[in-house]
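Peer 1: Sharing query.cif (mmCIF, C-alpha atoms) below.
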data_start
loop_
_atom_site.label_atom_id
_atom_site.label_comp_id
_atom_site.auth_asym_id
_atom_site.auth_seq_id
_atom_site.Cartn_x
_atom_site.Cartn_y
_atom_site.Cartn_z
CA MET A 1 0.00 0.00 0.00
CA LYS A 2 1.35 3.41 -1.01
CA LYS A 3 1.59 6.07 1.71
CA VAL A 4 1.99 9.83 1.59
CA ALA A 5 3.17 12.53 4.00
CA VAL A 6 2.03 16.15 3.68
CA VAL A 7 4.42 18.46 5.53
CA PHE A 8 2.80 21.51 7.14
CA ALA A 9 4.80 24.51 8.34
CA ASN A 10 3.59 27.62 10.14
CA GLY A 11 2.36 30.07 7.53
CA CYS A 12 1.29 27.35 5.08
CA GLU A 13 -1.58 27.77 2.64
CA GLU A 14 -4.07 25.58 4.49
CA VAL A 15 -6.33 24.67 1.56
CA GLU A 16 -3.37 23.38 -0.45
CA GLY A 17 -2.33 20.90 2.21
CA LEU A 18 -5.77 19.86 3.40
CA SER A 19 -7.03 19.31 -0.16
CA VAL A 20 -4.27 16.77 -0.71
CA VAL A 21 -4.98 15.00 2.59
CA ASP A 22 -8.73 14.94 1.87
CA VAL A 23 -8.49 13.62 -1.71
CA LEU A 24 -5.87 10.99 -0.90
CA ARG A 25 -7.75 9.70 2.13
CA ARG A 26 -10.94 9.47 0.04
CA LEU A 27 -8.90 7.29 -2.31
CA SER A 28 -7.86 5.10 0.67
CA ILE A 29 -4.22 6.19 0.40
CA PRO A 30 -2.78 6.37 3.93
CA THR A 31 -1.81 10.02 4.31
CA ASP A 32 -0.16 11.58 7.34
CA MET A 33 -0.18 15.23 8.25
CA VAL A 34 3.37 16.00 9.39
CA GLY A 35 4.25 19.18 11.26
CA LEU A 36 7.59 20.73 10.42
CA THR A 37 8.68 21.41 14.02
CA SER A 38 5.51 20.81 16.05
CA PRO A 39 2.26 18.87 15.72
CA LYS A 40 0.41 22.19 16.14
CA ILE A 41 0.60 24.41 13.06
CA THR A 42 -0.91 27.83 12.43
CA GLY A 43 -1.65 28.39 8.76
CA ASP A 44 -1.36 31.65 6.86
CA HIS A 45 -5.05 32.40 7.50
CA GLN A 46 -4.83 31.64 11.23
CA ILE A 47 -6.40 28.19 10.87
CA GLN A 48 -5.06 25.88 13.55
CA LEU A 49 -3.99 22.45 12.31
CA ILE A 50 -3.15 19.41 14.43
CA CYS A 51 -0.77 17.06 12.65
CA ASP A 52 -0.35 13.33 13.17
CA LYS A 53 3.39 13.60 13.82
CA VAL A 54 6.48 15.81 13.43
CA VAL A 55 9.21 15.59 10.77
CA ASP A 56 11.65 12.79 11.57
CA ASP A 57 13.60 10.11 9.73
CA SER A 58 10.39 8.21 8.96
CA LEU A 59 9.88 10.70 6.11
CA LEU A 60 12.25 8.43 4.18
CA ASN A 61 9.67 5.61 4.32
CA TYR A 62 6.88 7.40 2.46
CA ASP A 63 6.22 6.78 -1.22
CA LEU A 64 5.63 10.51 -1.71
CA VAL A 65 6.15 13.64 0.39
CA ALA A 66 4.10 16.71 -0.54
CA PHE A 67 4.46 20.37 0.42
CA PRO A 68 1.65 22.94 0.41
CA GLY A 69 2.64 26.50 -0.40
CA GLY A 70 2.06 29.84 1.25
CA LYS A 71 4.96 32.28 1.18
CA ILE A 72 5.88 32.06 4.88
CA GLY A 73 5.21 28.33 5.02
CA ALA A 74 7.38 27.74 1.95
CA GLU A 75 10.20 29.80 3.45
CA ASN A 76 9.97 27.78 6.66
CA LEU A 77 10.20 24.54 4.65
CA ARG A 78 13.09 25.93 2.57
CA ASP A 79 15.12 27.01 5.59
CA ASN A 80 14.79 23.86 7.72
CA LYS A 81 18.06 21.88 7.57
CA LYS A 82 16.63 18.61 8.91
CA LEU A 83 13.86 18.63 6.30
CA ARG A 84 16.33 19.56 3.55
CA ASP A 85 18.62 16.66 4.43
CA LEU A 86 15.71 14.18 4.41
CA MET A 87 14.32 15.49 1.12
CA VAL A 88 17.72 15.36 -0.57
CA LYS A 89 18.10 11.76 0.57
CA ARG A 90 14.61 10.93 -0.73
CA HIS A 91 15.50 12.49 -4.07
CA GLU A 92 18.75 10.55 -4.26
CA GLU A 93 16.79 7.34 -3.56
CA GLY A 94 14.46 8.11 -6.50
CA LYS A 95 11.33 8.69 -4.41
CA TRP A 96 8.44 10.95 -5.40
CA ASN A 97 8.32 14.51 -4.04
CA ALA A 98 5.75 17.23 -4.64
CA ALA A 99 5.38 20.95 -3.94
CA MET A 100 2.87 23.56 -4.98
CA CYS A 101 2.39 27.33 -5.04
CA ALA A 102 5.42 28.94 -3.34
CA ALA A 103 6.83 25.64 -1.99
CA PRO A 104 8.93 24.81 -5.07
CA ILE A 105 11.36 27.43 -3.68
CA ALA A 106 12.21 24.82 -1.03
CA LEU A 107 12.84 22.10 -3.60
CA ALA A 108 14.92 24.53 -5.67
CA ARG A 109 17.11 25.35 -2.66
CA TYR A 110 17.51 21.61 -1.94
CA GLY A 111 18.69 21.02 -5.54
CA ILE A 112 15.66 18.87 -6.39
CA LEU A 113 14.49 21.09 -9.27
CA ASP A 114 17.82 20.83 -11.11
CA ASN A 115 17.12 19.83 -14.74
CA ALA A 116 13.47 19.09 -13.86
CA ASP A 117 10.23 20.36 -15.37
CA TYR A 118 8.18 22.23 -12.76
CA THR A 119 5.68 24.98 -12.10
CA CYS A 120 4.91 27.30 -9.17
CA TYR A 121 2.90 30.34 -8.16
CA PRO A 122 3.38 33.29 -10.57
CA GLY A 123 6.44 35.30 -9.57
CA PHE A 124 8.08 32.56 -7.52
CA ASP A 125 9.69 31.23 -10.69
CA LYS A 126 12.24 34.05 -10.32
CA GLN A 127 13.30 32.65 -6.92
CA THR A 128 13.36 29.06 -8.13
CA LYS A 129 15.53 30.03 -11.10
CA GLN A 130 18.10 31.58 -8.75
CA ASP A 131 18.57 28.28 -6.89
CA ALA A 132 17.80 25.93 -9.79
CA PRO A 133 18.87 27.66 -13.01
CA THR A 134 18.76 24.37 -14.95
CA GLY A 135 15.12 23.72 -13.99
CA LYS A 136 12.52 24.18 -16.74
CA PHE A 137 9.58 26.33 -15.62
CA LYS A 138 6.17 25.62 -17.20
CA GLU A 139 2.92 27.60 -16.88
CA THR A 140 0.57 24.61 -16.78
CA ILE A 141 -1.71 23.90 -13.80
CA THR A 142 0.29 20.88 -12.69
CA VAL A 143 3.56 19.40 -13.92
CA THR A 144 4.46 15.76 -13.38
CA ASP A 145 8.10 15.05 -14.20
CA THR A 146 8.32 11.25 -14.14
CA LYS A 147 12.07 11.21 -14.79
CA HIS A 148 12.79 13.27 -11.67
CA LYS A 149 9.80 11.88 -9.70
CA LEU A 150 8.49 15.40 -9.11
CA ILE A 151 4.99 16.90 -9.07
CA THR A 152 4.38 20.65 -8.85
CA SER A 153 1.35 22.92 -9.13
CA ARG A 154 0.45 26.64 -9.29
CA GLY A 155 -1.70 27.84 -6.37
CA PRO A 156 -4.83 27.47 -4.21
CA ALA A 157 -7.30 26.93 -7.06
CA THR A 158 -5.12 24.10 -8.43
CA ALA A 159 -4.99 22.12 -5.18
CA TRP A 160 -7.40 19.40 -6.35
CA ALA A 161 -5.54 18.99 -9.64
CA TYR A 162 -2.35 18.65 -7.58
CA ALA A 163 -3.94 16.04 -5.30
CA TYR A 164 -5.19 13.99 -8.25
CA ALA A 165 -1.77 14.23 -9.95
CA ILE A 166 -0.19 12.85 -6.78
CA ALA A 167 -2.62 9.91 -6.66
CA GLU A 168 -2.13 9.17 -10.35
CA ALA A 169 1.67 9.23 -10.00
CA LEU A 170 1.27 6.54 -7.34
CA GLY A 171 -0.80 4.43 -9.74
CA VAL A 172 -4.18 5.05 -8.10
CA GLU A 173 -7.27 5.37 -10.32
CA THR A 174 -8.99 8.74 -9.78
CA LYS A 175 -11.80 8.73 -12.37
CA GLU A 176 -14.59 7.69 -10.03
CA LEU A 177 -13.63 10.14 -7.29
CA LYS A 178 -13.24 12.98 -9.79
CA GLN A 179 -16.80 12.29 -10.90
CA GLY A 180 -18.08 11.98 -7.33
CA MET A 181 -16.46 15.26 -6.24
CA LEU A 182 -17.76 17.01 -9.41
CA TYR A 183 -14.18 17.78 -10.39
CA ASN A 184 -14.80 16.98 -14.08
CA TYR A 185 -18.06 18.95 -14.01
CA LEU A 186 -16.17 21.98 -12.71
CA ALA A 187 -13.36 21.59 -15.24
CA ASP A 188 -15.82 21.19 -18.13
CA ASN A 189 -17.82 24.25 -17.10
CA ILE A 190 -14.73 26.40 -16.68
CA GLN A 191 -13.59 25.41 -20.19
CA ALA A 192 -17.07 26.13 -21.59
CA SER A 193 -17.13 29.60 -20.03
CA LEU A 194 -13.78 30.61 -21.55
#
Could you rewrite the structure in this file as structure tokens?

Peer 2:
Amino acid sequence: MKKVAVVFANGCEEVEGLSVVDVLRRLSIPTDMVGLTSPKITGDHQIQLICDKVVDDSLLNYDLVAFPGGKIGAENLRDNKKLRDLMVKRHEEGKWNAAMCAAPIALARYGILDNADYTCYPGFDKQTKQDAPTGKFKETITVTDTKHKLITSRGPATAWAYAYAIAEALGVETKELKQGMLYNYLADNIQASL
């Protein structure tokens, strides 16, 4: 059974992390909420989150580790040495990693975006390019780079697309849940209104 960790830091974009946890748990993928330095996290919009555990070496045992964004949250993820060391080791072991919105700045600093296709929140591509000049920025909603085992996404409104991309990278069928959550209905109606 595949398992996922979503790492929450103070100042995170709550909807981006909770959307991933919600979708993956609906798909019966064991998903832990992991606090960066404490099980109690305060998101960017002052929403209090209680995580299942705190970052430790067990992060190496997950099939995928995902980061939500939020400027302050992403900076906290980027600047944490313990997390960086674990994520670099995961990357070297060829495990899946994911980050959305501002959080790709953390992966860029860790060296995980080197030579990889990725996306991020508009404007943060300038920061990622400073730390990962060989990375290839794309403007699509989500980017799945199978060679580098990396999933990235743009911002709050793309959180469900990000969650489904994570599930699909792990080989989990999402069609039925997309239909049940009206995800396809929403996507079709947005396209029709354009």

Peer 1: What is the distance between atom CA of A:Phe124 and atom CA of A:Ile105, in Å to one decimal?

Peer 2: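 These atoms are spaced 7.2 Å apart.
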
Peer 1: Could you pull the residues within 6 Å of stretch 20-32 of chain A, counting only C-alpha atoms, minus those fewer than 4 positions along the same chain, as a ChimeraX atom specification?

Peer 2: /A:3-5,163

Peer 1: Would you kindly return, as a CSV table (one decimal) with C-alpha atoms, keeping the file's coordinate frame, each protein, DNA or RNA residue with an atom no farther than 9 Å from any atom of A:Ala98, considering all atoms listed in the file and excluding same-chain residues fewer than 5 positions away?

Peer 2:
chain,number,residue,atom,x,y,z
A,64,LEU,CA,5.6,10.5,-1.7
A,65,VAL,CA,6.2,13.6,0.4
A,66,ALA,CA,4.1,16.7,-0.5
A,67,PHE,CA,4.5,20.4,0.4
A,68,PRO,CA,1.6,22.9,0.4
A,103,ALA,CA,6.8,25.6,-2.0
A,104,PRO,CA,8.9,24.8,-5.1
A,107,LEU,CA,12.8,22.1,-3.6
A,144,THR,CA,4.5,15.8,-13.4
A,149,LYS,CA,9.8,11.9,-9.7
A,150,LEU,CA,8.5,15.4,-9.1
A,151,ILE,CA,5.0,16.9,-9.1
A,152,THR,CA,4.4,20.6,-8.8
A,153,SER,CA,1.4,22.9,-9.1
A,162,TYR,CA,-2.4,18.6,-7.6
A,166,ILE,CA,-0.2,12.8,-6.8

Peer 1: To one decimal place, how far is atom CA of A:Asp56 from atom CA of A:Gly17 in Å?

Peer 2: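 Computing the Euclidean distance for atom CA of A:Asp56 and atom CA of A:Gly17 yields 18.7 Å.
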
Peer 1: Give the answer as one residue: which of A:Met87, A:Val143, A:Val172, A:Val34 has the shortest atom-to-atom distance to A:Arg109, using only C-alpha atoms?

Peer 2: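 Checking each candidate against A:Arg109, we get A:Met87 as the closest.
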